[in-house]
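Enquirer: You'll find protein05.txt just under this line, and it carries compact mmCIF, C-alpha atoms.
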# COMPACT_ATOMS: atom_id res chain seq x y z
CA MET A 1 0.00 0.00 0.00
CA ALA A 2 2.87 2.36 0.79
CA ASN A 3 4.30 1.81 -2.70
CA TRP A 4 1.01 2.88 -4.34
CA LYS A 5 1.00 6.00 -2.21
CA LYS A 6 4.57 6.85 -3.30
CA ILE A 7 3.69 6.16 -6.94
CA GLY A 8 0.65 8.45 -6.66
CA ILE A 9 2.67 11.26 -5.08
CA ILE A 10 5.47 10.98 -7.65
CA SER A 11 2.92 10.86 -10.50
CA GLY A 12 1.17 13.95 -9.13
CA ILE A 13 4.44 15.86 -8.84
CA GLY A 14 5.46 14.76 -12.35
CA ALA A 15 2.12 15.87 -13.80
CA GLY A 16 2.43 19.20 -11.99
CA VAL A 17 5.92 19.78 -13.38
CA VAL A 18 4.78 18.92 -16.92
CA GLY A 19 1.74 21.21 -16.56
CA LEU A 20 3.85 24.07 -15.23
CA ALA A 21 6.43 23.64 -18.00
CA THR A 22 3.67 23.65 -20.64
CA TYR A 23 2.11 26.79 -19.16
CA ALA A 24 5.52 28.51 -19.00
CA HIS A 25 6.18 27.66 -22.64
CA ARG A 26 2.75 29.02 -23.67
CA LEU A 27 3.37 32.27 -21.77
CA SER A 28 6.82 32.69 -23.26
CA LYS A 29 5.53 32.05 -26.78
CA ALA A 30 2.53 34.35 -26.32
CA SER A 31 4.75 37.18 -25.04
CA ASN A 32 6.50 37.14 -28.43
CA ASP A 33 3.14 37.93 -30.06
CA LEU A 34 2.78 41.29 -28.31
CA GLN A 35 2.50 44.15 -30.79
CA THR A 36 3.09 47.86 -30.32
CA VAL A 37 1.71 50.72 -32.35
CA VAL A 38 3.57 53.97 -31.80
CA LYS A 39 2.39 57.46 -32.76
CA THR A 40 4.72 60.45 -32.68
CA ASN A 41 3.85 64.12 -32.79
CA ILE A 42 5.76 67.34 -32.35
CA HIS A 43 4.32 68.76 -29.16
CA SER A 44 6.29 71.99 -29.21
CA LEU A 45 9.27 73.56 -30.92
CA LYS A 46 10.44 76.57 -28.97
CA ALA A 47 13.63 78.48 -28.31
CA ASP A 48 14.35 76.32 -25.23
CA GLY A 49 14.12 73.03 -27.14
CA LEU A 50 11.93 70.46 -28.82
CA THR A 51 9.25 68.34 -27.14
CA ILE A 52 7.99 65.20 -28.86
CA ARG A 53 4.85 63.41 -27.68
CA ILE A 54 4.72 59.65 -28.09
CA ASP A 55 1.64 57.47 -27.65
CA VAL A 56 2.11 53.69 -27.44
CA GLN A 57 -0.64 51.14 -27.95
CA ILE A 58 0.27 47.62 -26.79
CA LYS A 59 -1.81 44.82 -28.28
CA ASN A 60 -2.08 41.31 -26.89
CA PRO A 61 -3.63 38.90 -29.42
CA SER A 62 -3.10 35.87 -27.16
CA PRO A 63 -5.60 34.20 -24.81
CA LEU A 64 -3.31 34.96 -21.83
CA LYS A 65 -3.13 38.18 -19.84
CA PHE A 66 0.24 39.81 -19.24
CA LYS A 67 1.86 42.26 -16.91
CA ILE A 68 4.53 44.52 -18.35
CA LYS A 69 6.58 47.40 -17.05
CA TYR A 70 5.72 50.93 -18.17
CA PRO A 71 7.40 51.39 -21.55
CA PHE A 72 10.69 53.23 -21.80
CA VAL A 73 11.07 55.13 -25.08
CA LEU A 74 14.37 55.94 -26.78
CA LEU A 75 14.52 58.49 -29.60
CA LYS A 76 17.32 58.35 -32.20
CA TYR A 77 18.19 60.58 -35.11
CA LYS A 78 20.77 59.25 -37.56
CA GLU A 79 21.86 56.50 -35.13
CA ALA A 80 22.53 58.98 -32.30
CA THR A 81 20.34 59.05 -29.20
CA VAL A 82 18.75 62.48 -28.89
CA GLY A 83 16.30 61.83 -26.07
CA THR A 84 14.68 59.31 -23.76
CA SER A 85 11.51 59.13 -21.73
CA LYS A 86 11.42 59.03 -17.96
CA VAL A 87 11.79 55.66 -16.27
CA ILE A 88 8.51 54.96 -14.48
CA ASN A 89 8.26 52.05 -12.03
CA GLU A 90 4.70 51.05 -12.87
CA THR A 91 3.22 47.73 -13.94
CA ILE A 92 0.57 47.63 -16.64
CA THR A 93 -1.80 44.68 -17.07
CA ILE A 94 -2.74 43.82 -20.64
CA PRO A 95 -5.95 41.76 -20.79
CA LYS A 96 -6.17 38.62 -22.88
CA ASN A 97 -7.12 39.43 -26.47
CA GLY A 98 -6.99 43.10 -25.53
CA GLU A 99 -4.92 46.24 -25.69
CA VAL A 100 -3.66 49.05 -23.51
CA ASN A 101 -2.91 52.66 -24.45
CA VAL A 102 -0.04 54.55 -22.86
CA ASN A 103 -0.56 58.15 -23.93
CA GLY A 104 1.44 61.30 -23.47
CA ILE A 105 4.99 60.05 -23.11
CA MET A 106 6.90 63.31 -23.49
CA ILE A 107 10.50 63.43 -24.64
CA ASN A 108 12.13 66.79 -24.12
CA LEU A 109 15.16 67.64 -26.20
CA PRO A 110 16.86 70.57 -24.48
CA LEU A 111 19.09 72.94 -26.40
CA SER A 112 22.23 71.13 -25.20
CA ASN A 113 21.09 67.89 -26.88
CA ILE A 114 19.90 69.69 -29.96
CA PHE A 115 23.23 71.41 -30.56
CA SER A 116 25.31 68.32 -29.87
CA VAL A 117 23.44 65.55 -31.73
CA GLY A 118 20.06 66.78 -32.90
CA PHE A 119 20.93 69.98 -34.71
CA GLY A 120 20.10 68.52 -38.14
CA LEU A 121 16.72 67.38 -36.83
CA VAL A 122 15.72 70.80 -35.52
CA LYS A 123 17.17 72.55 -38.56
CA ASN A 124 14.99 70.43 -40.86
CA LEU A 125 11.91 71.02 -38.71
CA LEU A 126 12.46 74.78 -38.64
CA GLN A 127 12.78 74.72 -42.44
CA ARG A 128 9.51 72.73 -42.58
CA LYS A 129 11.30 69.66 -43.95
CA PRO A 130 10.35 66.17 -42.75
CA SER A 131 12.90 64.25 -40.66
CA ILE A 132 13.17 60.52 -40.06
CA ILE A 133 13.59 59.44 -36.43
CA THR A 134 13.79 55.99 -34.88
CA VAL A 135 11.61 55.28 -31.85
CA THR A 136 12.55 52.27 -29.75
CA THR A 137 10.05 51.00 -27.17
CA GLN A 138 11.54 48.88 -24.38
CA SER A 139 9.77 47.04 -21.58
CA GLN A 140 9.78 43.81 -19.58
CA VAL A 141 7.09 41.15 -19.78
CA ASP A 142 6.50 39.75 -16.30
CA LEU A 143 5.71 36.04 -16.45
CA GLY A 144 5.64 35.75 -12.68
CA TRP A 145 8.78 33.69 -12.21
CA LYS A 146 10.74 35.26 -15.04
CA LYS A 147 10.94 38.61 -16.81
CA LEU A 148 11.48 38.73 -20.55
CA ALA A 149 12.90 41.78 -22.30
CA TYR A 150 10.69 43.34 -24.98
CA GLU A 151 12.02 45.79 -27.54
CA LYS A 152 10.66 47.14 -30.81
CA SER A 153 12.06 49.86 -33.08
CA GLN A 154 10.20 51.80 -35.74
CA ASP A 155 11.17 54.61 -38.08
CA PHE A 156 8.90 57.65 -38.26
CA THR A 157 8.82 60.78 -40.34
CA LEU A 158 8.36 63.89 -38.21
CA LYS A 159 6.57 66.61 -40.13
CA PRO A 160 6.13 70.11 -38.78
CA LYS A 161 2.58 71.40 -38.67
CA ALA A 162 1.79 73.61 -41.61
Let me see whether you can do it: turn the structure in this file into structure tokens.
Expert:
Amino acid sequence: MANWKKIGIISGIGAGVVGLATYAHRLSKASNDLQTVVKTNIHSLKADGLTIRIDVQIKNPSPLKFKIKYPFVLLKYKEATVGTSKVINETITIPKNGEVNVNGIMINLPLSNIFSVGFGLVKNLLQRKPSIITVTTQSQVDLGWKKLAYEKSQDFTLKPKA
């Protein structure tokens, strides 16, 4: 009788490990399906610098809900970093088969950055010429026991308002 009890316990533990491994694999695979849609706008262009507003929509097409860290946004012009968003220690829950909007991420480019690496960008904008920037969205997908890095880069054309 004691042997059957041991066999039952070992079988239960084995089934639990297999179930947990399957769930972990599904979560890891589903986290790769996350999509981001980024919108960029010139918020202001003044004598003290340039402010760019970035809105990020994170889409989760999987049947599993996720928790991610608030996105960190990096702005590059011609391979040089010209600005970054603030680091915010906030967790966002994305529902299964749903989406979340993170609006109003402001990136301020002070005059010091503009003159050192972003002068061409501001010069084009002041001359009403479009400029191509690269926006990189970084975050961490929290699977509970493990955090996976998430990063996506997109090129955008900034156009000054007419």
Enquirer: Let me make sure I understand: among A:Phe66, A:Trp4, A:Tyr77, A:Trp145, which one has the smallest atom-to-atom distance to Leu34 of chain A if we use all atoms listed in the file?
Expert: A:Phe66
Enquirer: Report the distance between atom CA of Ile94 of chain A and atom CA of Asn60 of chain A in Å, rounded to one decimal place.
Expert: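 Atom CA of Ile94 of chain A sits 6.8 Å away from atom CA of Asn60 of chain A.
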Enquirer: For each of A:Ile68, A:Ile107, A:Val56, A:Ile42, take the minimum atom-to-atom distance to Asp142 of chain A, counting all atoms listed in the file, then give the residue where this is smallest.
Expert: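 Among A:Ile68, A:Ile107, A:Val56, A:Ile42, it is A:Ile68 that comes nearest to Asp142 of chain A.
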Enquirer: Tell me which protein, DNA and RNA residues are within 9 Å of Phe156 of chain A, counting all atoms listed in the file, leaving out same-chain ones fewer than 2 positions away, and put them as a list in words.
Expert: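 Listed by chain and then number, they are Lys39, Thr40, Ser131, Ile132, Ile133, Thr134, Val135, Gln154 and Leu158 of chain A.
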Enquirer: Nearest to Leu125 of chain A: which of A:Lys59, A:Lys159, A:Val73, A:Ile52 is it, counting only C-alpha atoms?
Expert: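 Residue with the minimum atom-to-atom distance to Leu125 of chain A: A:Lys159.
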Enquirer: Compare A:Lys96, A:Met106, A:Gln127, A:Asp48 by their minimum atom-to-atom distance to Phe72 of chain A, counting all atoms listed in the file, and give me the closest one.
Expert: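 Answer, going by the shortest atom-to-atom distance: A:Met106.
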Enquirer: In Å, how far is it from atom CA of Ser112 of chain A to atom CA of Leu50 of chain A?
Expert: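 About the pair atom CA of Ser112 of chain A and atom CA of Leu50 of chain A: they are 10.9 Å apart.
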Enquirer: Given the point (17.0, 68.2, -24.2) in the file's coordinates, find the residues that have an atom at most 8 Å from it, counting all atoms listed in the file, and give them as a short mmCIF file (atom, residue, chain, number, x, y, z; two decimals) with C-alpha atoms, in the frame of the given file.
Expert:
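Everything below was put into result_32.cif:
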data_model
loop_
_atom_site.label_atom_id
_atom_site.label_comp_id
_atom_site.auth_asym_id
_atom_site.auth_seq_id
_atom_site.Cartn_x
_atom_site.Cartn_y
_atom_site.Cartn_z
CA GLY A 49 14.12 73.03 -27.14
CA LEU A 50 11.93 70.46 -28.82
CA VAL A 82 18.75 62.48 -28.89
CA GLY A 83 16.30 61.83 -26.07
CA ASN A 108 12.13 66.79 -24.12
CA LEU A 109 15.16 67.64 -26.20
CA PRO A 110 16.86 70.57 -24.48
CA LEU A 111 19.09 72.94 -26.40
CA SER A 112 22.23 71.13 -25.20
CA ASN A 113 21.09 67.89 -26.88
CA ILE A 114 19.90 69.69 -29.96
#
Enquirer: Which residue is closest to Thr91 of chain A? Choose from A:Arg128, A:Leu121, A:Asn103, A:Ser139 and count all atoms listed in the file.
Expert: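 The answer is A:Ser139, which sits nearest to Thr91 of chain A.
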Enquirer: Could you check which of A:Ile92, A:Ala80, A:Val37, A:Leu126 is closest to Lys65 of chain A, using all atoms listed in the file?
Expert: A:Ile92
